[in-house]
Structure formats: structure tokens, C-alpha cells
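As provided, structure-v8.cif (mmCIF, C-alpha atoms) reads as follows.
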```cif
data_entry
#
loop_
_atom_site.label_atom_id
_atom_site.label_comp_id
_atom_site.auth_asym_id
_atom_site.auth_seq_id
_atom_site.Cartn_x
_atom_site.Cartn_y
_atom_site.Cartn_z
CA MET A 23 61.04 50.78 83.46
CA ARG A 24 63.52 51.82 86.12
CA THR A 25 63.45 55.48 87.13
CA ARG A 26 66.89 57.06 87.02
CA THR A 27 68.03 59.43 89.76
CA PRO A 28 68.34 62.97 88.35
CA ARG A 29 71.96 64.05 87.92
CA LEU A 30 72.93 66.84 90.31
CA ALA A 31 76.18 68.65 91.05
CA ALA A 32 78.29 66.70 93.53
CA ASP A 33 78.06 69.34 96.26
CA VAL A 34 74.28 69.61 95.88
CA ARG A 35 73.90 65.83 96.01
CA ARG A 36 76.17 65.64 99.06
CA GLN A 37 74.08 68.23 100.89
CA GLN A 38 70.89 66.44 99.90
CA ILE A 39 72.19 63.22 101.45
CA LEU A 40 73.41 64.93 104.64
CA ASP A 41 70.03 66.63 105.11
CA ALA A 42 68.27 63.31 104.60
CA THR A 43 70.54 61.65 107.16
CA LEU A 44 69.76 64.30 109.76
CA ARG A 45 66.03 63.95 109.08
CA VAL A 46 66.13 60.19 109.57
CA VAL A 47 68.15 60.47 112.79
CA ALA A 48 65.87 63.19 114.18
CA ARG A 49 62.76 61.18 113.34
CA ASP A 50 63.80 57.57 113.94
CA GLY A 51 67.09 57.63 115.85
CA PHE A 52 70.10 55.54 114.92
CA SER A 53 68.57 52.12 115.45
CA GLY A 54 68.06 50.44 112.11
CA LEU A 55 69.81 53.26 110.25
CA THR A 56 71.23 51.96 106.97
CA MET A 57 72.42 53.33 103.67
CA GLU A 58 69.23 52.02 102.11
CA VAL A 59 67.05 53.93 104.59
CA ILE A 60 68.97 57.15 103.98
CA ALA A 61 68.86 56.67 100.21
CA LYS A 62 65.09 56.24 100.35
CA GLU A 63 64.73 59.40 102.44
CA ALA A 64 66.92 61.32 100.00
CA GLY A 65 65.03 59.96 97.00
CA VAL A 66 68.12 58.44 95.41
CA THR A 67 69.65 55.03 94.88
CA ARG A 68 72.42 53.82 97.18
CA THR A 69 75.01 54.38 94.44
CA PRO A 70 75.65 58.11 95.15
CA LEU A 71 75.85 57.45 98.89
CA TYR A 72 78.66 54.96 98.41
CA ALA A 73 80.29 57.06 95.70
CA ILE A 74 80.42 60.19 97.88
CA PHE A 75 80.87 58.78 101.39
CA GLY A 76 82.10 55.20 100.97
CA ASP A 77 80.35 53.68 104.00
CA LEU A 78 77.78 54.42 106.69
CA GLY A 79 80.37 55.38 109.31
CA THR A 80 81.89 58.05 107.08
CA LEU A 81 78.43 59.36 106.19
CA LEU A 82 77.45 59.63 109.86
CA ALA A 83 80.69 61.46 110.67
CA ALA A 84 80.01 63.91 107.83
CA ALA A 85 76.44 64.43 109.09
CA ALA A 86 77.83 65.13 112.58
CA ASP A 87 80.26 67.65 111.07
CA GLU A 88 77.34 69.30 109.29
CA GLY A 89 75.33 69.60 112.49
CA GLU A 90 78.29 71.01 114.41
CA ALA A 91 79.00 73.58 111.69
CA ARG A 92 75.40 74.76 111.69
CA ALA A 93 75.41 75.02 115.47
CA ARG A 94 78.65 77.06 115.56
CA ALA A 95 77.39 79.40 112.86
CA ALA A 96 74.25 80.15 114.86
CA ILE A 97 75.91 82.28 117.56
CA PRO A 98 78.25 85.18 116.66
CA GLU A 99 81.77 84.56 117.93
CA GLU A 100 81.90 87.93 119.69
CA LEU A 101 79.22 86.79 122.15
CA LEU A 102 81.36 83.88 123.31
CA VAL A 103 84.71 85.53 123.96
CA ALA A 104 86.04 87.02 127.13
CA ASP A 105 86.70 90.57 125.90
CA LEU A 106 83.41 92.35 125.25
CA GLY A 107 84.56 95.85 126.03
CA THR A 108 82.06 97.95 127.96
CA ALA A 109 78.98 95.79 127.26
CA ARG A 110 76.70 95.01 130.21
CA PRO A 111 76.78 91.33 131.23
CA ASP A 112 72.98 91.15 131.53
CA ASP A 113 72.56 92.58 128.02
CA VAL A 114 75.06 90.06 126.65
CA LEU A 115 73.30 87.13 128.35
CA THR A 116 69.89 88.22 127.08
CA ALA A 117 71.16 88.77 123.54
CA ALA A 118 72.98 85.43 123.49
CA SER A 119 69.85 83.65 124.73
CA ARG A 120 67.72 85.22 122.00
CA LEU A 121 70.22 84.39 119.24
CA PHE A 122 70.56 80.79 120.38
CA LEU A 123 66.81 80.24 120.58
CA GLU A 124 66.24 81.92 117.22
CA ALA A 125 68.79 79.50 115.76
CA VAL A 126 66.92 76.55 117.30
CA ARG A 127 63.64 77.74 115.84
CA ALA A 128 65.15 78.43 112.42
CA ASP A 129 66.86 75.04 112.14
CA PRO A 130 64.91 72.57 114.32
CA LEU A 131 66.30 69.56 112.48
CA THR A 132 69.90 70.23 113.48
CA TRP A 133 69.05 71.18 117.04
CA GLN A 134 66.74 68.23 117.58
CA VAL A 135 69.67 65.95 116.82
CA LEU A 136 71.93 67.94 119.16
CA LEU A 137 69.54 68.59 122.05
CA LEU A 138 67.51 65.38 121.93
CA PRO A 139 70.11 62.63 121.40
CA ALA A 140 68.42 59.61 119.89
CA ALA A 141 68.44 56.13 121.39
CA GLY A 142 71.13 53.94 119.94
CA THR A 143 73.52 56.81 119.21
CA PRO A 144 76.90 55.30 118.24
CA LYS A 145 79.69 55.72 120.77
CA GLU A 146 81.79 57.82 118.41
CA ILE A 147 78.91 60.24 117.82
CA ARG A 148 78.25 60.45 121.57
CA ARG A 149 81.91 61.23 122.17
CA ARG A 150 81.73 64.01 119.58
CA TYR A 151 78.65 65.52 121.24
CA GLU A 152 80.26 65.34 124.66
CA ARG A 153 83.48 66.94 123.38
CA ASN A 154 81.57 69.75 121.70
CA ARG A 155 79.52 70.34 124.83
CA ARG A 156 82.70 70.63 126.89
CA GLU A 157 84.00 73.19 124.39
CA VAL A 158 80.79 75.21 124.71
CA ILE A 159 81.04 75.11 128.51
CA ASP A 160 84.67 76.31 128.32
CA ARG A 161 83.66 79.23 126.08
CA VAL A 162 80.73 80.16 128.31
CA GLU A 163 83.06 79.99 131.30
CA GLN A 164 85.20 82.67 129.66
CA LEU A 165 82.09 84.80 129.32
CA VAL A 166 81.16 84.18 132.96
CA ARG A 167 84.64 85.17 134.14
CA TRP A 168 84.37 88.40 132.15
CA GLY A 169 80.92 89.09 133.61
CA LEU A 170 82.03 88.43 137.17
CA GLU A 171 84.96 90.80 136.75
CA ARG A 172 82.54 93.46 135.54
CA VAL A 173 80.08 93.14 138.41
CA GLY A 174 82.44 92.20 141.24
CA PRO A 175 81.99 88.49 142.05
CA PRO A 176 80.75 87.32 145.45
CA ASP A 177 83.28 85.43 147.53
CA GLY A 178 83.66 81.85 146.38
CA ALA A 179 81.89 82.29 143.01
CA ASP A 180 82.77 79.33 140.79
CA PRO A 181 82.80 80.33 137.08
CA HIS A 182 82.89 76.73 135.88
CA VAL A 183 79.83 75.67 137.87
CA ILE A 184 77.96 78.80 136.78
CA ALA A 185 78.89 78.08 133.14
CA ARG A 186 77.56 74.52 133.38
CA MET A 187 74.32 75.83 134.88
CA ILE A 188 73.91 78.36 132.05
CA VAL A 189 74.52 75.69 129.39
CA ALA A 190 72.12 73.23 131.04
CA VAL A 191 69.38 75.85 131.29
CA GLY A 192 70.01 76.97 127.72
CA GLU A 193 69.67 73.40 126.47
CA ASP A 194 66.38 72.98 128.30
CA LEU A 195 65.06 76.26 126.88
CA GLY A 196 66.06 75.04 123.42
CA ARG A 197 64.06 71.86 123.97
CA MET A 198 61.05 73.99 124.91
CA VAL A 199 61.32 75.83 121.59
CA LEU A 200 61.62 72.54 119.72
CA ALA A 201 58.59 71.06 121.45
CA GLU A 202 56.28 74.08 121.20
CA PRO A 203 57.76 76.80 118.96
CA ASP A 204 54.53 78.82 118.84
CA ARG A 205 54.07 78.78 122.60
CA TRP A 206 57.71 79.58 123.35
CA PRO A 207 58.99 82.15 120.82
CA PRO A 208 62.62 83.25 121.40
CA ASP A 209 61.62 86.82 122.33
CA ARG A 210 59.37 85.56 125.12
CA ILE A 211 62.06 83.37 126.65
CA ALA A 212 64.82 85.95 126.21
CA ALA A 213 62.61 88.51 127.97
CA ALA A 214 62.22 86.07 130.86
CA VAL A 215 66.02 85.65 131.02
CA GLY A 216 66.30 89.42 131.26
CA ASP A 217 63.69 89.44 134.03
CA VAL A 218 65.71 86.93 136.05
CA VAL A 219 68.89 88.98 135.68
CA ALA A 220 66.96 92.10 136.66
CA LEU A 221 66.23 90.50 140.05
CA LEU A 222 69.87 91.07 140.97
CA PRO A 223 70.67 94.28 142.86
CA ALA A 224 71.42 97.10 140.42
CA GLU A 225 74.96 97.59 141.70
CA GLU A 226 75.73 93.94 140.89
CA ARG A 227 74.53 94.33 137.29
CA ALA A 228 76.37 97.54 136.42
#
```
Please go through the file and, once you have read it, give me the structure as C-alpha cells.
Amino acid sequence: MRTRTPRLAADVRRQQILDATLRVVARDGFSGLTMEVIAKEAGVTRTPLYAIFGDLGTLLAAAADEGEARARAAIPEELLVADLGTARPDDVLTAASRLFLEAVRADPLTWQVLLLPAAGTPKEIRRRYERNRREVIDRVEQLVRWGLERVGPPDGADPHVIARMIVAVGEDLGRMVLAEPDRWPPDRIAAAVGDVVALLPAEERA
């Protein structure tokens, strides 16, 4: 006898399918990704996938939206805006590092997809990742400009280059957490970030 897929609320079923899609991409990449593979991972027939999403392209776009939403929700907006009042730049950088790495550890599936792009990633998905990364760099650049104004920037300081460096280092630290979460807990790495900032002369960190 054929086993019927249990009936779930549409929003619950949709989330189940999106989670399954992210798991497959994180584990196997995009090569060979089909509706049948995703349905098997989700433990459902292909019928609800087509009923909810229509086709594979729409499903992948929805999964990308899901990953982006989770990533944006991980870091409080107030840590990525230019006006932070009287906060110390080094404290803000350390706190932001800890929050980001805690988010990576709490949701490794999402961040594996974002930080370890799989082979065979469709062009549209790559374009989305690249666009989102540019947006993150722009927001970090605002933070850098605020920090430089607070400490008195050295002549010729380039906020955009500094922002790109911070994002690149942050991504690599996130990959460390993904690879060895027990060895690299967020508190340990954030403390190291604070140690690096502390190497600056005190008058430049005030």
C-alpha cells in the first residue's frame, strides 16, 4: 500500500521544504539538485513542492530568500548603522563579531550555504550572494566611517578598503566556527578580536 504524506498546514509544509532544500544544498551542492531529491529529503512526495513553488527555480529563489532573512535577523540593526552615539568603536567591533559568530554556530545550515558556496551554484543565486555581500560591505563601511570619526583617522585611511577587510576576515572566522565549533567558540574568537584592537594606542581607541 502507498504511504500518504501527512497533511500539514501550508506554512509548516513550506518551511519543511525550504529547510530540506538548504540541507541538500549544504550537503551536496547544486549539481544534480532536483525536485525529486528535495522531496525525498523532506519526506514528502513531489506534489506539495509543485503545488507550493511551481518549479525548481522558484523553490531555489525562495530558499535563497530564507537564507538571506535568517542572516539579516542574526545581527541587530543598531550594530550596522552609522550613528551609535557614544559607544566605543572597539566595543562595537567586538560585540558585532561575537553576535555574528554566535549566529553562525546557532544556524550552521544557513551559514554553510552562505559562507561555503557550493560547486555548480546557479548564476542567479551567485548574483544574489554577490549583491548581498556588497550590501553588507556598504553597511560595514558606514560603521567604519563612524569609528574613524570617533578615533581620528590617519591620513589617507580608506573606509571602503577597511570595510572589505573586516568582511573578509569575518567570513573566514565564520568558516572556522563551521568547521570546528567546539574548538572555535564565538567567545574565544571575539576575545581575540578585542585583543587585536587593544594593540592600537589608547588615544586612537578612545
message = When the PyMOL selection byres ((chain A and resi 82) around 12) is applied to the structure above, which residues does it catch, written out as an NGL selection string?
response = :A and (39-44 or 46-47 or 52 or 55-57 or 60 or 71 or 75-81 or 83-89 or 143-148 or 150)
query = What does the distance from CA of Arg36 (chain A) to CA of Ala48 (chain A) come to in Å, to one decimal?
reply =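 Computed distance, CA of Arg36 (chain A) to CA of Ala48 (chain A), equals 18.5 Å.
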query = Any idea what the distance is between CA of Val59 (chain A) and CA of Tyr72 (chain A)?
reply =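 Those two atoms sit 13.2 Å apart.
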Residues selected by the PyMOL selection byres ((chain A and resi 92) around 12), written as a CSV table (one decimal) with C-alpha atoms, keeping the file's coordinate frame:
```
chain,number,residue,atom,x,y,z
A,41,ASP,CA,70.0,66.6,105.1
A,85,ALA,CA,76.4,64.4,109.1
A,86,ALA,CA,77.8,65.1,112.6
A,87,ASP,CA,80.3,67.6,111.1
A,88,GLU,CA,77.3,69.3,109.3
A,89,GLY,CA,75.3,69.6,112.5
A,90,GLU,CA,78.3,71.0,114.4
A,91,ALA,CA,79.0,73.6,111.7
A,93,ALA,CA,75.4,75.0,115.5
A,94,ARG,CA,78.6,77.1,115.6
A,95,ALA,CA,77.4,79.4,112.9
A,96,ALA,CA,74.2,80.2,114.9
A,97,ILE,CA,75.9,82.3,117.6
A,98,PRO,CA,78.2,85.2,116.7
A,122,PHE,CA,70.6,80.8,120.4
A,125,ALA,CA,68.8,79.5,115.8
A,126,VAL,CA,66.9,76.6,117.3
A,128,ALA,CA,65.2,78.4,112.4
A,129,ASP,CA,66.9,75.0,112.1
A,130,PRO,CA,64.9,72.6,114.3
A,131,LEU,CA,66.3,69.6,112.5
A,132,THR,CA,69.9,70.2,113.5
A,133,TRP,CA,69.0,71.2,117.0
A,135,VAL,CA,69.7,66.0,116.8
A,136,LEU,CA,71.9,67.9,119.2
```
task = May I have the residues within 9 Å of region 202-214 of chain A as a list in words, using all atoms listed in the file and disregarding those fewer than 6 positions away in the same chain?
result =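 Residues near the query, excluding close chain neighbours: Leu115, Thr116, Ala117, Ala118, Ser119, Arg120, Leu121, Phe122, Leu123, Glu124, Val126, Arg127 and Leu195 of chain A.
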inquiry  = What does the structure give for the distance between CA of Pro176 (chain A) and CA of Val162 (chain A), in Å to one decimal?
reply    =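 For CA of Pro176 (chain A) relative to CA of Val162 (chain A), the distance reads 18.6 Å.
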task = Tell me which of A:Leu138, A:Arg49, A:Val158, A:Thr67 sits closest to Gly196 (chain A), counting only C-alpha atoms.
result =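 Checking each candidate against Gly196 (chain A), we get A:Leu138 as the closest.
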request  = Compare A:Gly216, A:Val199, A:Asp50, A:Gln38 by their minimum atom-to-atom distance to Ala64 (chain A), counting only C-alpha atoms, and give me the closest one.
outcome  =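 Counting only C-alpha atoms, the residue closest to Ala64 (chain A) is A:Gln38.
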inquiry  = Counting only C-alpha atoms, which residue out of A:Val34, A:Thr69, A:Gly51, A:Leu170 sits closest to Pro139 (chain A)?
reply    =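 Checking each of A:Val34, A:Thr69, A:Gly51, A:Leu170 against Pro139 (chain A), counting only C-alpha atoms, the winner is A:Gly51.
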